[in-house]
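A.B. asks: Contents of model-v7.txt (compact mmCIF, C-alpha atoms) are given next:
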```txt
# COMPACT_ATOMS: atom_id res chain seq x y z
CA MET A 692 -6.23 -7.05 -16.70
CA ARG A 693 -3.52 -8.21 -14.31
CA TYR A 694 -0.07 -8.87 -15.69
CA SER A 695 1.51 -10.71 -12.81
CA THR A 696 4.85 -8.99 -12.60
CA LEU A 697 4.63 -9.76 -8.91
CA LEU A 698 4.52 -13.50 -9.52
CA THR A 699 7.36 -13.73 -12.00
CA VAL A 700 10.45 -14.41 -9.92
CA ALA A 701 12.79 -14.55 -12.90
CA ALA A 702 11.78 -11.09 -14.09
CA SER A 703 12.70 -7.73 -12.70
CA VAL A 704 9.93 -6.82 -10.29
CA ALA A 705 10.33 -3.19 -11.16
CA ALA A 706 9.32 -3.75 -14.75
CA THR A 707 5.75 -3.17 -15.84
CA LEU A 708 4.65 -5.95 -18.16
CA VAL A 709 2.82 -4.87 -21.26
CA VAL A 710 1.59 -7.19 -23.97
CA ALA A 711 3.19 -6.44 -27.33
CA ALA A 712 0.87 -4.55 -29.68
CA PRO A 713 1.06 -7.15 -32.49
CA LEU A 714 0.00 -9.86 -30.05
CA ARG A 715 -2.88 -7.75 -28.78
CA ALA A 716 -4.02 -7.39 -32.36
CA GLN A 717 -3.99 -11.16 -32.79
CA LEU A 718 -6.33 -11.38 -29.79
CA GLY A 719 -8.78 -8.83 -31.20
CA THR A 720 -12.44 -9.66 -30.89
CA ALA A 721 -15.10 -9.20 -33.54
CA ASN A 722 -16.08 -5.89 -31.93
CA GLU A 723 -12.56 -4.55 -32.31
CA LYS A 724 -12.32 -5.66 -35.93
CA SER A 725 -15.55 -3.85 -36.67
CA GLY A 726 -14.15 -0.63 -35.23
CA ASN A 727 -15.89 -0.73 -31.84
CA PRO A 728 -13.87 0.08 -28.67
CA PRO A 729 -11.86 -2.88 -27.36
CA VAL A 730 -13.53 -4.95 -24.68
CA ASP A 731 -12.39 -7.90 -22.57
CA GLY A 732 -13.88 -10.37 -25.03
CA ILE A 733 -14.48 -14.10 -24.65
CA VAL A 734 -11.94 -16.17 -26.58
CA ALA A 735 -13.13 -19.62 -25.47
CA VAL A 736 -15.74 -21.36 -23.34
CA VAL A 737 -15.08 -24.48 -21.26
CA GLY A 738 -18.32 -26.02 -20.03
CA THR A 739 -20.10 -22.89 -18.84
CA THR A 740 -16.91 -20.99 -17.94
CA PRO A 741 -15.69 -18.27 -20.30
CA ILE A 742 -11.98 -17.73 -21.01
CA LEU A 743 -11.31 -14.03 -21.45
CA ARG A 744 -8.90 -12.28 -23.74
CA SER A 745 -7.23 -10.78 -20.65
CA ASP A 746 -6.51 -14.31 -19.38
CA VAL A 747 -4.45 -14.99 -22.49
CA GLU A 748 -2.81 -11.55 -22.38
CA GLU A 749 -1.77 -12.28 -18.83
CA ARG A 750 -0.03 -15.47 -19.98
CA VAL A 751 1.72 -13.56 -22.73
CA ALA A 752 2.95 -11.06 -20.14
CA GLN A 753 4.25 -13.83 -17.93
CA ALA A 754 6.07 -15.39 -20.89
CA ARG A 755 7.74 -12.08 -21.70
CA ALA A 756 8.69 -11.52 -18.06
CA SER A 757 10.34 -14.94 -17.91
CA GLY A 758 12.54 -14.02 -20.88
CA GLN A 759 10.68 -15.81 -23.66
CA LYS A 760 11.26 -14.18 -27.04
CA MET A 761 8.11 -12.81 -28.61
CA PRO A 762 7.46 -13.84 -32.24
CA GLU A 763 7.43 -11.12 -34.89
CA ASP A 764 5.43 -12.65 -37.74
CA SER A 765 1.66 -13.00 -37.48
CA ALA A 766 1.58 -16.77 -38.02
CA SER A 767 3.99 -17.38 -35.14
CA GLN A 768 2.11 -14.93 -32.95
CA GLN A 769 -1.15 -16.76 -33.60
CA ALA A 770 0.53 -20.09 -32.87
CA MET A 771 1.86 -18.78 -29.56
CA ILE A 772 -1.54 -17.42 -28.57
CA ARG A 773 -3.20 -20.72 -29.41
CA THR A 774 -0.62 -22.62 -27.33
CA LEU A 775 -1.25 -20.37 -24.34
CA LEU A 776 -5.01 -20.61 -24.78
CA ASP A 777 -4.81 -24.39 -24.96
CA ALA A 778 -2.91 -24.42 -21.67
CA ILE A 779 -5.61 -22.28 -20.01
CA ILE A 780 -8.33 -24.59 -21.37
CA ASP A 781 -6.49 -27.65 -20.03
CA GLU A 782 -6.23 -26.07 -16.59
CA GLU A 783 -9.91 -25.16 -16.53
CA LEU A 784 -10.87 -28.70 -17.58
CA LEU A 785 -8.80 -30.08 -14.70
CA VAL A 786 -10.29 -27.68 -12.16
CA GLN A 787 -13.80 -28.62 -13.25
CA LYS A 788 -12.92 -32.32 -13.16
CA ALA A 789 -11.44 -31.93 -9.68
CA LYS A 790 -14.69 -30.41 -8.44
CA ASP A 791 -16.72 -33.20 -10.07
CA ALA A 792 -14.45 -35.78 -8.41
CA LYS A 793 -15.04 -34.13 -4.99
CA VAL A 794 -11.36 -33.20 -4.67
CA GLU A 795 -10.99 -30.68 -1.88
CA VAL A 796 -8.34 -28.15 -0.94
CA THR A 797 -8.44 -26.74 2.58
CA ASP A 798 -8.36 -23.04 3.36
CA ASN A 799 -5.34 -23.72 5.60
CA ASP A 800 -3.36 -25.18 2.68
CA VAL A 801 -4.29 -22.26 0.43
CA ASN A 802 -3.58 -19.59 3.03
CA ALA A 803 -0.21 -21.13 3.93
CA ASP A 804 0.82 -21.12 0.26
CA VAL A 805 -0.41 -17.56 -0.29
CA ASP A 806 1.30 -16.28 2.87
CA LYS A 807 4.57 -17.73 1.64
CA ARG A 808 4.17 -16.22 -1.82
CA MET A 809 3.15 -12.83 -0.44
CA GLN A 810 6.21 -12.78 1.81
CA THR A 811 8.51 -13.69 -1.08
CA ILE A 812 7.02 -11.04 -3.34
CA ARG A 813 7.02 -8.34 -0.66
CA THR A 814 10.72 -8.81 0.15
CA ARG A 815 11.57 -7.87 -3.44
CA PHE A 816 10.49 -4.28 -2.87
CA THR A 817 12.41 -1.77 -0.78
CA THR A 818 9.38 0.13 0.53
CA GLU A 819 5.66 -0.46 1.00
CA LYS A 820 4.94 2.39 -1.44
CA GLU A 821 7.06 0.75 -4.13
CA PHE A 822 5.15 -2.50 -3.59
CA ARG A 823 1.74 -0.81 -3.79
CA ASP A 824 2.74 1.20 -6.86
CA GLU A 825 3.72 -2.00 -8.63
CA LEU A 826 0.40 -3.55 -7.63
CA LYS A 827 -1.43 -0.71 -9.33
CA LYS A 828 0.70 -1.03 -12.46
CA SER A 829 -0.19 -4.71 -12.55
CA GLY A 830 -3.91 -3.95 -12.35
CA PHE A 831 -4.59 -4.47 -8.63
CA GLY A 832 -6.24 -1.65 -6.71
CA THR A 833 -5.28 -2.88 -3.23
CA VAL A 834 -3.14 -5.45 -1.45
CA ASP A 835 -6.32 -7.29 -0.42
CA GLU A 836 -7.42 -7.52 -4.04
CA PHE A 837 -4.04 -8.96 -5.00
CA ARG A 838 -4.23 -11.47 -2.16
CA ARG A 839 -7.70 -12.61 -3.22
CA TRP A 840 -6.37 -13.18 -6.71
CA LEU A 841 -3.46 -15.20 -5.31
CA VAL A 842 -5.89 -17.27 -3.22
CA ASP A 843 -7.85 -18.14 -6.36
CA GLN A 844 -4.68 -19.05 -8.28
CA SER A 845 -3.37 -21.18 -5.41
CA ARG A 846 -6.67 -23.02 -4.98
CA ARG A 847 -6.86 -23.83 -8.69
CA SER A 848 -3.25 -25.03 -8.75
CA GLN A 849 -3.71 -27.26 -5.70
CA LEU A 850 -6.96 -28.67 -7.08
CA GLN A 851 -5.10 -29.79 -10.20
CA GLN A 852 -2.25 -31.30 -8.18
CA LYS A 853 -4.61 -33.23 -5.91
CA LEU A 854 -6.66 -34.43 -8.86
CA PHE A 855 -3.57 -35.95 -10.45
CA GLU A 856 -2.61 -37.56 -7.14
CA LYS A 857 -6.07 -39.14 -6.96
CA LEU A 858 -5.97 -40.25 -10.61
CA ARG A 859 -2.57 -41.90 -10.12
CA THR A 860 -3.77 -43.63 -6.94
CA ASP A 861 -6.87 -44.87 -8.78
CA GLY A 862 -4.72 -46.13 -11.67
CA LYS A 863 -6.35 -43.79 -14.17
CA ILE A 864 -3.07 -42.26 -15.29
CA ALA A 865 -0.53 -44.89 -16.25
CA PRO A 866 2.84 -43.87 -17.76
CA ALA A 867 2.86 -44.05 -21.55
CA ALA A 868 5.51 -45.79 -23.64
CA VAL A 869 8.46 -43.63 -24.72
CA SER A 870 10.87 -44.60 -27.48
CA ALA A 871 14.63 -44.10 -27.44
CA ALA A 872 14.24 -41.75 -30.42
CA GLU A 873 11.88 -39.52 -28.41
CA VAL A 874 14.38 -39.34 -25.57
CA ASP A 875 17.21 -38.47 -27.97
CA GLU A 876 15.10 -35.78 -29.64
CA PHE A 877 14.14 -34.21 -26.31
CA PHE A 878 17.77 -34.18 -25.15
CA ALA A 879 18.96 -32.63 -28.43
CA LYS A 880 16.43 -29.80 -28.10
CA ASN A 881 17.14 -29.07 -24.45
CA SER A 882 20.78 -30.00 -23.83
CA SER A 883 21.98 -26.42 -24.23
CA GLN A 884 20.00 -25.47 -21.13
CA LEU A 885 21.63 -28.12 -18.95
CA GLN A 886 24.52 -27.25 -16.68
CA LYS A 887 27.66 -29.31 -16.31
CA LEU A 888 27.26 -32.35 -14.11
CA PRO A 889 29.36 -32.26 -10.92
CA ALA A 890 32.11 -34.72 -10.08
CA THR A 891 30.44 -37.70 -8.37
CA VAL A 892 31.41 -40.88 -6.59
CA THR A 893 29.82 -44.09 -5.32
CA LEU A 894 31.53 -46.09 -2.61
CA ARG A 895 31.29 -48.71 0.08
CA GLN A 896 33.08 -48.57 3.38
CA ILE A 897 33.94 -50.27 6.63
CA VAL A 898 34.02 -47.94 9.61
CA ILE A 899 35.97 -49.00 12.69
CA ALA A 900 35.14 -47.34 15.99
CA PRO A 901 37.44 -47.63 19.03
CA LYS A 902 36.20 -50.26 21.47
CA ALA A 903 36.40 -49.74 25.20
CA SER A 904 38.53 -52.07 27.30
CA PRO A 905 36.71 -54.65 29.46
CA LYS A 906 37.59 -52.60 32.53
CA GLN A 907 36.00 -49.41 31.16
CA ASP A 908 33.01 -51.35 29.83
CA SER A 909 32.39 -52.81 33.29
CA ALA A 910 32.65 -49.35 34.83
CA ALA A 911 29.96 -48.07 32.42
CA VAL A 912 27.69 -50.99 33.30
CA LEU A 913 28.07 -50.26 37.03
CA LYS A 914 27.31 -46.57 36.45
CA ALA A 915 24.19 -47.37 34.40
CA ASP A 916 23.05 -49.91 37.03
CA SER A 917 23.42 -47.33 39.80
CA LEU A 918 21.26 -44.85 37.87
CA TYR A 919 18.63 -47.52 37.30
CA VAL A 920 18.49 -48.20 41.04
CA GLU A 921 18.23 -44.47 41.73
CA ILE A 922 15.27 -44.18 39.34
CA THR A 923 13.48 -47.24 40.74
CA LYS A 924 13.77 -45.68 44.19
CA GLY A 925 11.91 -42.58 43.02
CA GLY A 926 14.62 -40.56 41.27
CA ASP A 927 13.42 -38.14 38.57
CA PHE A 928 14.31 -39.65 35.17
CA GLU A 929 14.48 -36.29 33.41
CA GLN A 930 16.69 -34.63 36.02
CA ILE A 931 19.01 -37.64 36.12
CA ALA A 932 19.24 -37.53 32.30
CA LYS A 933 20.22 -33.85 32.45
CA ARG A 934 22.84 -34.64 35.09
CA GLU A 935 24.32 -37.88 33.76
CA SER A 936 23.42 -38.66 30.13
CA MET A 937 26.28 -38.70 27.62
CA ASP A 938 24.02 -38.13 24.60
CA PRO A 939 24.63 -34.45 23.75
CA SER A 940 21.58 -34.23 21.49
CA THR A 941 19.09 -35.14 24.25
CA LYS A 942 20.91 -34.44 27.53
CA GLU A 943 19.56 -30.91 28.03
CA LEU A 944 16.07 -32.12 27.09
CA GLY A 945 15.99 -34.63 29.92
CA GLY A 946 16.66 -37.45 27.45
CA ASP A 947 13.64 -36.60 25.29
CA LEU A 948 13.73 -38.48 21.97
CA GLY A 949 10.48 -37.04 20.63
CA TRP A 950 7.97 -39.03 18.60
CA ARG A 951 9.72 -41.87 16.77
CA ARG A 952 8.85 -44.65 14.32
CA ARG A 953 10.18 -48.18 13.98
CA GLY A 954 13.53 -48.21 12.26
CA ASP A 955 14.68 -44.86 13.65
CA PHE A 956 17.20 -46.53 15.97
CA VAL A 957 19.78 -49.29 15.82
CA PRO A 958 18.05 -52.71 16.09
CA GLU A 959 18.87 -53.40 19.75
CA PHE A 960 17.39 -50.08 20.88
CA ASP A 961 14.50 -50.20 18.41
CA ARG A 962 13.38 -53.63 19.58
CA VAL A 963 13.15 -52.58 23.26
CA PHE A 964 11.80 -49.07 22.70
CA PHE A 965 8.76 -50.19 20.73
CA ALA A 966 7.94 -53.07 23.11
CA LEU A 967 7.81 -50.99 26.31
CA ARG A 968 4.64 -49.99 28.10
CA PRO A 969 4.36 -46.29 29.04
CA GLY A 970 6.02 -45.44 32.36
CA VAL A 971 8.25 -48.53 32.50
CA VAL A 972 12.02 -47.96 32.80
CA THR A 973 14.38 -50.60 31.43
CA PRO A 974 17.53 -51.90 33.09
CA PRO A 975 20.66 -50.97 31.08
CA ILE A 976 20.41 -51.96 27.38
CA LYS A 977 23.65 -52.26 25.39
CA THR A 978 24.07 -50.86 21.87
CA VAL A 979 27.06 -49.69 19.83
CA PHE A 980 26.67 -46.30 21.53
CA GLY A 981 26.91 -47.58 25.10
CA TYR A 982 24.37 -48.44 27.80
CA HIS A 983 20.86 -46.98 27.78
CA LEU A 984 18.11 -46.62 30.33
CA ILE A 985 14.87 -46.23 28.37
CA ARG A 986 11.43 -44.97 29.35
CA VAL A 987 8.40 -44.69 27.06
CA ASP A 988 6.07 -41.78 27.84
CA ARG A 989 3.29 -42.04 25.26
CA VAL A 990 2.16 -44.43 22.53
CA GLN A 991 -0.02 -43.78 19.48
CA PRO A 992 -0.54 -45.74 16.25
CA ALA A 993 2.82 -46.14 14.48
CA GLU A 994 4.63 -43.72 16.84
CA VAL A 995 6.15 -43.80 20.31
CA LYS A 996 7.42 -40.92 22.45
CA GLY A 997 10.11 -41.65 25.01
CA ARG A 998 13.38 -40.76 26.74
CA HIS A 999 16.73 -42.35 27.40
CA ILE A 1000 19.87 -41.92 29.45
CA LEU A 1001 23.12 -42.92 27.75
CA ILE A 1002 26.28 -43.98 29.57
CA ARG A 1003 29.30 -44.51 27.34
CA PRO A 1004 32.36 -46.54 28.32
CA ALA A 1005 35.46 -44.35 28.42
CA ILE A 1006 37.83 -44.59 25.44
CA ASP A 1007 41.56 -43.98 25.92
CA SER A 1008 44.51 -43.58 23.55
CA SER A 1009 45.30 -47.30 23.55
CA ASP A 1010 41.74 -48.04 22.35
CA VAL A 1011 42.14 -45.51 19.51
CA LEU A 1012 45.48 -47.06 18.52
CA ALA A 1013 43.90 -50.52 18.48
CA ALA A 1014 41.13 -49.23 16.19
CA ARG A 1015 43.70 -47.71 13.84
CA ASN A 1016 45.61 -50.98 13.63
CA GLU A 1017 42.35 -52.84 13.04
CA ALA A 1018 41.53 -50.48 10.14
CA ILE A 1019 44.98 -51.03 8.58
CA ASP A 1020 44.46 -54.79 8.83
CA VAL A 1021 40.96 -54.53 7.29
CA ALA A 1022 42.36 -52.61 4.29
CA LYS A 1023 45.11 -55.24 3.90
CA GLN A 1024 42.62 -58.13 3.99
CA TRP A 1025 40.23 -56.38 1.60
CA ARG A 1026 43.01 -55.83 -0.94
CA ALA A 1027 44.04 -59.47 -0.54
CA GLY A 1028 40.59 -60.62 -1.62
CA VAL A 1029 38.59 -61.08 1.59
CA SER A 1030 34.98 -60.23 0.76
CA PHE A 1031 33.42 -56.94 1.74
CA ASP A 1032 30.47 -58.69 3.40
CA THR A 1033 32.77 -60.79 5.59
CA LEU A 1034 34.76 -57.76 6.71
CA ARG A 1035 31.67 -55.65 7.26
CA THR A 1036 30.02 -58.27 9.44
CA LYS A 1037 33.10 -58.55 11.66
CA HIS A 1038 34.39 -54.98 11.82
CA HIS A 1039 31.85 -52.36 10.67
CA ASP A 1040 30.25 -49.91 13.10
CA PRO A 1041 26.50 -50.45 12.47
CA SER A 1042 25.68 -46.86 13.38
CA GLU A 1043 27.43 -45.76 10.16
CA GLU A 1044 26.29 -46.21 6.54
CA SER A 1045 28.17 -48.97 4.75
CA SER A 1046 27.70 -47.59 1.21
CA ILE A 1047 26.75 -44.68 -1.01
CA PRO A 1048 25.25 -46.63 -3.91
CA GLN A 1049 24.00 -43.70 -6.02
CA PRO A 1050 26.31 -41.08 -7.59
CA PHE A 1051 26.92 -38.43 -4.94
CA PRO A 1052 28.56 -35.01 -5.54
CA GLN A 1053 32.14 -35.17 -4.30
CA SER A 1054 31.97 -31.54 -3.21
CA GLN A 1055 29.23 -32.41 -0.71
CA LEU A 1056 31.28 -35.08 1.04
CA PRO A 1057 33.17 -34.23 4.25
CA GLN A 1058 36.60 -32.80 3.48
CA GLU A 1059 38.30 -35.95 4.82
CA TYR A 1060 36.60 -38.01 2.11
CA GLN A 1061 37.48 -35.51 -0.62
CA THR A 1062 41.14 -35.52 0.37
CA ALA A 1063 41.28 -39.33 0.51
CA ILE A 1064 39.51 -39.79 -2.84
CA ALA A 1065 41.64 -37.28 -4.78
CA GLY A 1066 43.74 -38.97 -7.47
CA HIS A 1067 42.08 -42.38 -7.13
CA LYS A 1068 40.04 -44.42 -9.61
CA ALA A 1069 37.19 -46.91 -9.48
CA ASN A 1070 37.82 -50.09 -7.44
CA ASP A 1071 40.68 -48.53 -5.46
CA ILE A 1072 40.66 -49.38 -1.74
CA LEU A 1073 41.90 -46.32 0.10
CA ASP A 1074 44.23 -46.19 3.04
CA PRO A 1075 42.34 -45.74 6.32
CA PHE A 1076 41.57 -42.15 7.25
CA LEU A 1077 40.01 -40.81 10.41
CA ILE A 1078 37.06 -38.55 11.08
CA GLU A 1079 36.43 -37.20 14.55
CA ASP A 1080 33.27 -38.45 16.25
CA LYS A 1081 32.31 -35.13 17.83
CA SER A 1082 29.68 -36.66 20.09
CA ARG A 1083 32.34 -38.80 21.80
CA GLY A 1084 35.50 -36.78 21.24
CA THR A 1085 37.24 -39.79 19.65
CA PRO A 1086 38.02 -40.66 16.02
CA LYS A 1087 36.57 -43.36 13.81
CA PHE A 1088 38.62 -44.95 11.05
CA PHE A 1089 37.20 -45.27 7.53
CA VAL A 1090 38.31 -47.88 5.00
CA VAL A 1091 36.71 -46.97 1.67
CA GLN A 1092 36.49 -48.61 -1.73
CA ILE A 1093 35.53 -46.36 -4.65
CA THR A 1094 32.96 -48.27 -6.73
CA SER A 1095 32.59 -45.56 -9.38
CA ILE A 1096 33.94 -42.07 -9.90
CA ALA A 1097 33.23 -39.40 -12.49
CA ALA A 1098 34.79 -36.01 -13.10
CA GLU A 1099 32.74 -32.90 -13.82
CA HIS A 1100 31.48 -33.17 -17.39
CA GLU A 1101 29.04 -31.89 -19.95
CA PRO A 1102 25.73 -33.77 -19.71
CA THR A 1103 25.15 -36.61 -22.13
CA VAL A 1104 21.92 -38.31 -23.09
CA ALA A 1105 23.04 -41.32 -21.04
CA ASP A 1106 23.17 -39.14 -17.91
CA TRP A 1107 19.59 -38.01 -18.40
CA ARG A 1108 17.96 -40.91 -20.25
CA GLU A 1109 15.96 -42.33 -17.34
CA LYS A 1110 14.79 -38.93 -16.09
CA ILE A 1111 13.79 -37.82 -19.59
CA ARG A 1112 11.96 -41.08 -20.22
CA ASP A 1113 10.05 -40.75 -16.94
CA GLN A 1114 9.16 -37.14 -17.66
CA LEU A 1115 7.99 -37.83 -21.21
CA ALA A 1116 6.00 -40.86 -20.09
CA GLU A 1117 4.22 -38.75 -17.50
CA GLU A 1118 3.58 -35.91 -19.95
CA LYS A 1119 2.19 -38.25 -22.61
CA ALA A 1120 -0.09 -39.94 -20.09
CA ILE A 1121 -1.39 -36.57 -18.89
CA ARG A 1122 -1.88 -35.38 -22.46
CA ARG A 1123 -3.83 -38.52 -23.26
CA TYR A 1124 -6.03 -37.93 -20.23
CA LEU A 1125 -6.59 -34.26 -21.16
CA ASP A 1126 -7.47 -35.19 -24.75
CA GLY A 1127 -10.09 -37.54 -23.35
CA LEU A 1128 -11.46 -34.76 -21.15
CA ARG A 1129 -11.77 -32.47 -24.16
CA LYS A 1130 -13.78 -35.07 -26.03
CA GLU A 1131 -16.25 -35.50 -23.20
CA SER A 1132 -16.51 -31.80 -22.30
CA TYR A 1133 -17.90 -28.75 -24.05
CA VAL A 1134 -15.03 -26.63 -25.39
CA SER A 1135 -15.61 -23.77 -27.82
CA ILE A 1136 -12.67 -21.72 -29.14
CA ARG A 1137 -13.58 -18.35 -30.62
CA ILE A 1138 -10.35 -16.94 -32.05
```
Could I get this file's structure written as structure tokens?

C.D. replies:
Amino acid sequence: MRYSTLLTVAASVAATLVVAAPLRAQLGTANEKSGNPPVDGIVAVVGTTPILRSDVEERVAQARASGQKMPEDSASQQAMIRTLLDAIIDEELLVQKAKDAKVEVTDNDVNADVDKRMQTIRTRFTTEKEFRDELKKSGFGTVDEFRRWLVDQSRRSQLQQKLFEKLRTDGKIAPAAVSAAEVDEFFAKNSSQLQKLPATVTLRQIVIAPKASPKQDSAAVLKADSLYVEITKGGDFEQIAKRESMDPSTKELGGDLGWRRRGDFVPEFDRVFFALRPGVVTPPIKTVFGYHLIRVDRVQPAEVKGRHILIRPAIDSSDVLAARNEAIDVAKQWRAGVSFDTLRTKHHDPSEESSIPQPFPQSQLPQEYQTAIAGHKANDILDPFLIEDKSRGTPKFFVVQITSIAAEHEPTVADWREKIRDQLAEEKAIRRYLDGLRKESYVSIRI
């Protein structure tokens, strides 16, 4: 029997898991009750597959290792054993159904999962001897034997997951109805296990980037044009990108953008990039970032691989001051009642997000946001604050309206209602499906 100490992350890996004697007695077979030596008896049969007593004992060991309190009275012990046995039967039904439905799991998927688990388990032991000693305590003679067992467990788990994916795709598992009372009951039983919810915020914003003067913009155009001419005369695109491009993320890669999909770029760039034939170099294309020379290298369904050279117009202190004054004016207009959409259309930098519509942890925001938000309430429009654009070495100015804000607090049923409802709906639908499988399959329980 293999008590998987090695698989129970929450438990101390040094502990040897032993099933409590009263629980072992509850699992006794007819042979044991008649005084014969204990054997690894059959406690259930699913189809033609036996479920062994050791399979249930293993689940008991895992429950103990994860901190679950073991019942002391015989009725509770029997109930626990039956719950664990039912879970094993459900899993076996799903594995058999997956095979019938021609669901397949590749050796590569299984081996990748097992390699990851083996690495995680191995790092929890100081020495190889300690690891091998624990394997022996857990019922495994060798590392290879343990790995084979993990392979079997991983394959069974992935078969079940892929079966459910197929069933959902085929519309054979539809979420079940869940009442408000069921949600409330679930929350009441589990609320003590929930941690405090962090302080969150939702917001919308208008970001103003400094704009180059006409003189500097013209200089950037001339520079980009000269590089285009150099390339058309035989210049090496990649070497020129390494020499001249102002995009720090691709400069050293010769402008390489990798494989990209539609929507990865701002619209002006996206439109040109996905219309180009391989090998063609564009004249300068203007976006909010500057002027781009673009070349597509390869095309495949839904993806394009290409390069670009970026030339940015120079920004000076007077441009930054103009952006700051623009941000102050935007905040003033917004507070006076000018609509967000009107201001966004005219002033917002499209390379930046214009909103955070879902509650977002305040602690995960950049420090500049946290400082600006402190002490404010919902619907406040904040004074402009700046964040350095590290790629350009110039600041951008942020005008933010807080649309909702919440302090750290104990979870309430309202915080979790939708998630609980979704979870219960899924669980009920799966239970309904499993009950149907039991009716159409051979299941014999012998304890």

A.B. asks: Measuring atom to atom with only C-alpha atoms, identify which of A:Asp1007, A:Asp955, A:Asp1074, A:Glu795 is nearest to Gln907 in chain A.

C.D. replies: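 Selected residue with least distance to Gln907 in chain A: A:Asp1007.
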
A.B. asks: What gap, in Å, lies between CA of Met761 in chain A and CA of Leu743 in chain A?

C.D. replies: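 One can read the CA of Met761 in chain A to CA of Leu743 in chain A distance as 20.7 Å.
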
A.B. asks: Excluding Tyr1124 in chain A and residues on its chain fewer than 2 positions from it, collect all residues at most 12 Å away from it, counting all atoms listed in the file, and give them as a PyMOL selection string.

C.D. replies: chain A and resi 781+784-785+788+854-855+858-859+862-867+1117-1122+1126-1131

A.B. asks: So which residues touch range 986-992 of chain A within 9 Å, counting all atoms listed in the file, skipping near sequence neighbours fewer than 2 positions away, as a ChimeraX atom specification?

C.D. replies: /A:928,950,964-965,967-973,984,994-1000

A.B. asks: Restricting the output to C-alpha atoms, write the selected residues as a tab-separated table (two decimals), keeping the file's coordinate frame.

C.D. replies:
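Output file again-v4.tsv is given in full below:
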```tsv
chain	number	residue	atom	x	y	z
A	928	PHE	CA	14.31	-39.65	35.17
A	950	TRP	CA	7.97	-39.03	18.60
A	964	PHE	CA	11.80	-49.07	22.70
A	965	PHE	CA	8.76	-50.19	20.73
A	967	LEU	CA	7.81	-50.99	26.31
A	968	ARG	CA	4.64	-49.99	28.10
A	969	PRO	CA	4.36	-46.29	29.04
A	970	GLY	CA	6.02	-45.44	32.36
A	971	VAL	CA	8.25	-48.53	32.50
A	972	VAL	CA	12.02	-47.96	32.80
A	973	THR	CA	14.38	-50.60	31.43
A	984	LEU	CA	18.11	-46.62	30.33
A	994	GLU	CA	4.63	-43.72	16.84
A	995	VAL	CA	6.15	-43.80	20.31
A	996	LYS	CA	7.42	-40.92	22.45
A	997	GLY	CA	10.11	-41.65	25.01
A	998	ARG	CA	13.38	-40.76	26.74
A	999	HIS	CA	16.73	-42.35	27.40
A	1000	ILE	CA	19.87	-41.92	29.45
```

A.B. asks: Which residue, A:Glu1059, A:Asp1071, A:Glu873, A:Glu763, has the smallest gap to Trp1025 in chain A when you use all atoms listed in the file?

C.D. replies: A:Asp1071

A.B. asks: Identify, on the basis of all atoms listed in the file, every residue whose closest approach to Arg847 in chain A does not exceed 7 Å; exclude the query and any residue fewer than 4 positions from it along the same chain; express the result as a list in words.

C.D. replies: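 Surrounding residues, per the criterion: Val786, Asp843 and Gln851 of chain A.
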
A.B. asks: Hey, which of A:Ser829, A:Ser940, A:Gln896, A:Gln1114 ends up closest to Val1091 in chain A? Count only C-alpha atoms.

C.D. replies: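 Closest residue, counting only C-alpha atoms: A:Gln896.
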
A.B. asks: If you count all atoms listed in the file, which residues fall within 9 Å of Phe960 in chain A, apart from same-chain ones fewer than 3 positions away, as a PyMOL selection string?

C.D. replies: chain A and resi 956-957+963-965+976-978+983+985

A.B. asks: Would you tabulate, counting only C-alpha atoms, all residues of range 887-991 of chain A that have an atom at most 9 Å from an atom of range 1097-1107 of chain A, showing the closest pair of atoms and their distance in Å to one decimal, sorted by chain then ascending number, as CSV?

C.D. replies:
```
residue,atom,partner,partner_atom,distance
A:Lys887,CA,A:Glu1101,CA,4.7
A:Leu888,CA,A:His1100,CA,5.4
A:Pro889,CA,A:Glu1099,CA,4.5
A:Ala890,CA,A:Glu1099,CA,4.2
A:Thr891,CA,A:Ala1097,CA,5.3
A:Val892,CA,A:Ala1097,CA,6.3
```

A.B. asks: Around the point (40.4, -55.7, -2.3) (coordinates from the file), which residues reach within 12 Å if we count all atoms listed in the file? Answer as a list in words.

C.D. replies: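 Nearby residues: Arg895, Gln896, Asp1020, Val1021, Ala1022, Lys1023, Gln1024, Trp1025, Arg1026, Ala1027, Gly1028, Val1029, Ser1030, Phe1031, Asp1032, Leu1034, Ala1069, Asn1070, Asp1071, Ile1072, Leu1073, Asp1074, Val1090, Val1091, Gln1092, Ile1093 and Thr1094 of chain A.
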